[in-house]
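Heads up, the thing below is written out as structure tokens.
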Amino acid sequence: MMKYLMMMIFMMPMCLKYNMFWMVQFMFMFMMFMFMNMSVSIMNFFNLSYMLGCDMISYGLILLSIWITFLMIMASESLNKNNFFKNLFLFNIIFLMLMLYLTFSTMNLFLFYLFFEGSLIPTLMLIIGWGYQPERIQAGMYLLFYTLFASLPLLMGIFYIYKEMNFMIMYMMKFYDYNLIMLYLSLIFAFLVKMPMYFVHLWLPKAHVEAPISGSMILAAIMLKLGGYGLLRMLMILQKMNLSWSYIWVVMSLIGGFFISLKCFCQIDMKSLIAYSSVAHMSLVIGGLMTMNYWGFLGSYILMIGHGLCSSGMFCLSNINYERLNSRSMFINKGMMNFMPSMSLWWFLLMSSNMAAPPSLNLMGEISLINSLVSWSWWSMIMLMMISFFSAGYSLYLYSFTQHGKYNMSIYSFYSGTSREYLMLMLHWLPLNIFSYKNWL
């Protein structure tokens with residue numbers, strides 16, 4: 001695991017050289033294929049070196065992180081073209097990837113917390129430095145204070161665990177089970193905010209709307225998954241407490257998912273709609289994790305990977321329109337099928353994946369999560385039915401609103417999709433649908 005860390009550290013000086021934009025992107029792609037060919041153990045931690053290690057959960061999420069980072073650079077061509085602090089941008093992205101890699105691969109609980117919080121800084125820099133509107137400062141503050149407010153109790157909880165156990169290796173913690181309500185709340189709340197759960201989700205739409213495309217992609221694809229990963233790790237030592245209290249989180253997330261699905265129909269900003277749809281999907285993941293059965297864990301993991309690719313691809317699509325029309329409003333982005341019929345196909349493919357159509361990973365994840373939640377309580381069927389129905393509803397709403405209809409007469413100059421954009425969308429859609437065949441077979 002250390003070799004990839006060294007590779008990223010030594011990629012940083014490349015940012016100082018002129019004209020290294022595509023070289024850094026190529027290096028991430030190269031790293032991705034090296035990481036894919038690593039020896040993998042399904043049952044245990046593998047590739048242990050110093051305090052770093054990797055099991056199947058972190059392996060998939062690191063793979064997703066490298067892939068999305070590679071696509072982020074690909075999507076940010078306008079920065080390269082306008083020469084808008086592109087070297088600093090590359091440094092920021094490599095540093096962010098470093099933090100995410102260490103978060104997912106560290107075995108030490110305190111270091112996990114450190115890197116979990118550390119990934120916030122480059123994200124904040126991305127939003128405030130390369131965002132589009134003056135409101136980005138407010139969005140940055142929302143992101144920072146929501147996360148920090150929830151994270152300080154987590155730090156206290158980790159110190160308490162160290163005082164009790166005298167070690168911090170995550171793997172060894174499966175032999176312990178704490179029955180303390182304050183510890184339970186402090187360890188779990190930071191991750192629920194990061195997911196985000198309904199009631200503590202307001203930072204997400206703000207941050208997404210104000211972030212540049214690279215910021216939106218990494219927020220949707222990886223930042224939300226940090227919360228899911230943290231819950232997967234923490235619920236291991238909080239099983240007794242979770243059996244007593246899980247119903248609160250399940251009920252809150254299911255009802256919240258339903259409300260957020262309705263809220264999606266009220267959005268006129270494309271990015272805002274996609275951000276709210278992320279909250280609806282993540283509510284299912286929280287529900288699945290809190291049931292604490294195999295179906296739930298499996299489904300939440302698959303949906304996290306699937307949603308990372310799908311949501312990131314949808315943000316790319318909205319950015320492609322934004323670069324041409326300089327607006328994210330759905331009243332202006334109408335009738336796009338007349339201008340870019342080929343792009344319309346990609347809109348449809350990614351929207352269908354978002355509503356969990358076969359053969360996407362989202363479908364497999366949602367089937368597993370519905371199984372786990374219905375086995376937990378028959379009554380959850382009602383909310384699940386609503387969430388599934390409305391998720392198809394808002395996906396079709398976004399697709400039909402942007403692609404069909406009478407186009408805006410003020411569009412006087414326009415250029416069609418470039419090969420870079422089509423390749424970028426294909427690299428989102430292909431893994432999302434190809435990986436699922438492995439699972440179906």
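Residue numbers start at 1 in each chain; chains themselves are named A, B, ... in the order of the structure tokens; ligands are numbered from 1 in the order shown.
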
For Phe10 (chain A): contacts at 12 Å, only C-alpha atoms, fewer than 2 positions along chain excluded, given as a PyMOL selection string: chain A and resi 3-8+12-16+24+27+91+94-95+98

Residue subset to file, keeping C-alpha atoms, as a PDB file, in the first residue's frame:
```pdb
ATOM      1  CA  LYS A   3       4.072   2.267  -2.974  1.00  0.00           C
ATOM      2  CA  TYR A   4       0.906   4.032  -4.164  1.00  0.00           C
ATOM      3  CA  LEU A   5       1.313   6.589  -1.392  1.00  0.00           C
ATOM      4  CA  MET A   6       4.866   7.293  -2.567  1.00  0.00           C
ATOM      5  CA  MET A   7       3.679   7.521  -6.151  1.00  0.00           C
ATOM      6  CA  MET A   8       1.194  10.254  -5.224  1.00  0.00           C
ATOM      7  CA  MET A  12       3.262  16.607  -6.501  1.00  0.00           C
ATOM      8  CA  PRO A  13       6.430  18.175  -8.001  1.00  0.00           C
ATOM      9  CA  MET A  14       4.918  17.571 -11.456  1.00  0.00           C
ATOM     10  CA  CYS A  15       2.425  20.332 -10.659  1.00  0.00           C
ATOM     11  CA  LEU A  16       5.265  22.870 -10.545  1.00  0.00           C
ATOM     12  CA  VAL A  24      -0.973  14.090 -14.175  1.00  0.00           C
ATOM     13  CA  MET A  27      -0.407   9.086 -14.112  1.00  0.00           C
ATOM     14  CA  PHE A  91      -1.658  20.135  -6.572  1.00  0.00           C
ATOM     15  CA  ILE A  94      -3.322  15.255  -5.790  1.00  0.00           C
ATOM     16  CA  PHE A  95      -3.383  16.322  -2.130  1.00  0.00           C
ATOM     17  CA  LEU A  98      -3.661  11.498  -0.980  1.00  0.00           C
TER      18      LEU A  98
END
```

From the list A:Ile302, A:Ala211, A:Met56, A:Met43, which residue is nearest Pro134 (chain A) when using only C-alpha atoms?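 Answer, going by the shortest atom-to-atom distance: A:Ala211.
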
Contacts of region 317-329 of chain A within 7 Å, only C-alpha atoms, excl. fewer than 2 positions in-chain, as a count of residues only: 13

How far is it from CA of Pro196 (chain A) to CA of Ile93 (chain A), in Å with one decimal?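 Going from CA of Pro196 (chain A) over to CA of Ile93 (chain A) covers 22.8 Å.
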
Based on DSSP run over this structure's backbone, return all residues of region 40-183 of chain A in helix (DSSP H, G or I), as a VMD selection string. chain A and resid 56 to 75 77 to 82 86 to 105 109 to 118 120 to 130 136 to 165 170 to 175 181 to 183

Distance criterion (only C-alpha atoms): nearest to Lys240 (chain A) out of A:Leu126, A:Val40, A:Met292, A:Leu226: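 When distances to Lys240 (chain A) are compared using only C-alpha atoms, the smallest one comes from A:Met292.
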
8 Å contact set for Asp55 (chain A), only C-alpha atoms, chain neighbours under 5 positions out, as a list in words: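 Non-adjacent residues within range: Ser41, Ile42, Met43, Asn44, Phe45 and Phe46 of chain A.
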
Take the residues from that selection and put them in a file with N, CA and C atoms, as a PDB file, in the first residue's frame.
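Saved result, selection05.pdb, follows:
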```pdb
ATOM      1  N   SER A  41      -7.494 -10.272  -1.271  1.00  0.00           N
ATOM      2  CA  SER A  41      -8.065 -11.334  -0.443  1.00  0.00           C
ATOM      3  C   SER A  41      -9.497 -10.939  -0.086  1.00  0.00           C
ATOM      4  N   ILE A  42     -10.434 -11.838  -0.315  1.00  0.00           N
ATOM      5  CA  ILE A  42     -11.841 -11.486  -0.093  1.00  0.00           C
ATOM      6  C   ILE A  42     -12.162 -11.440   1.402  1.00  0.00           C
ATOM      7  N   MET A  43     -11.499 -12.282   2.183  1.00  0.00           N
ATOM      8  CA  MET A  43     -11.890 -12.427   3.588  1.00  0.00           C
ATOM      9  C   MET A  43     -11.200 -11.441   4.523  1.00  0.00           C
ATOM     10  N   ASN A  44      -9.912 -11.227   4.350  1.00  0.00           N
ATOM     11  CA  ASN A  44      -9.142 -10.498   5.364  1.00  0.00           C
ATOM     12  C   ASN A  44      -8.539  -9.207   4.820  1.00  0.00           C
ATOM     13  N   PHE A  45      -7.812  -8.524   5.689  1.00  0.00           N
ATOM     14  CA  PHE A  45      -7.003  -7.385   5.246  1.00  0.00           C
ATOM     15  C   PHE A  45      -5.810  -7.934   4.461  1.00  0.00           C
ATOM     16  N   PHE A  46      -5.391  -7.193   3.446  1.00  0.00           N
ATOM     17  CA  PHE A  46      -4.250  -7.654   2.650  1.00  0.00           C
ATOM     18  C   PHE A  46      -3.334  -6.481   2.356  1.00  0.00           C
TER      19      PHE A  46
END
```

At what distance in Å, to one decimal, does CA of Ile169 (chain A) lie from CA of Tyr50 (chain A)?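 That distance, rounded to one decimal, is 11.7 Å.
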
Find the residues around Leu219 (chain A) up to 12 Å (only C-alpha atoms counted), leave out those fewer than 6 positions away in its own chain, and share them as a ChimeraX atom specification. /A:65,68-69,72,96,100,119-120,122-124,126-127,143,194-196,203-213,225-227,274-275,278-279,307-309,311-312,315

Would you list the contacts of Met107 (chain A) as a ChimeraX atom specification, taking every protein, DNA or RNA residue within 10 Å and counting only C-alpha atoms, but skipping same-chain residues closer than 4 positions in sequence? /A:45,48,50-54,102-103,111-112,168-172
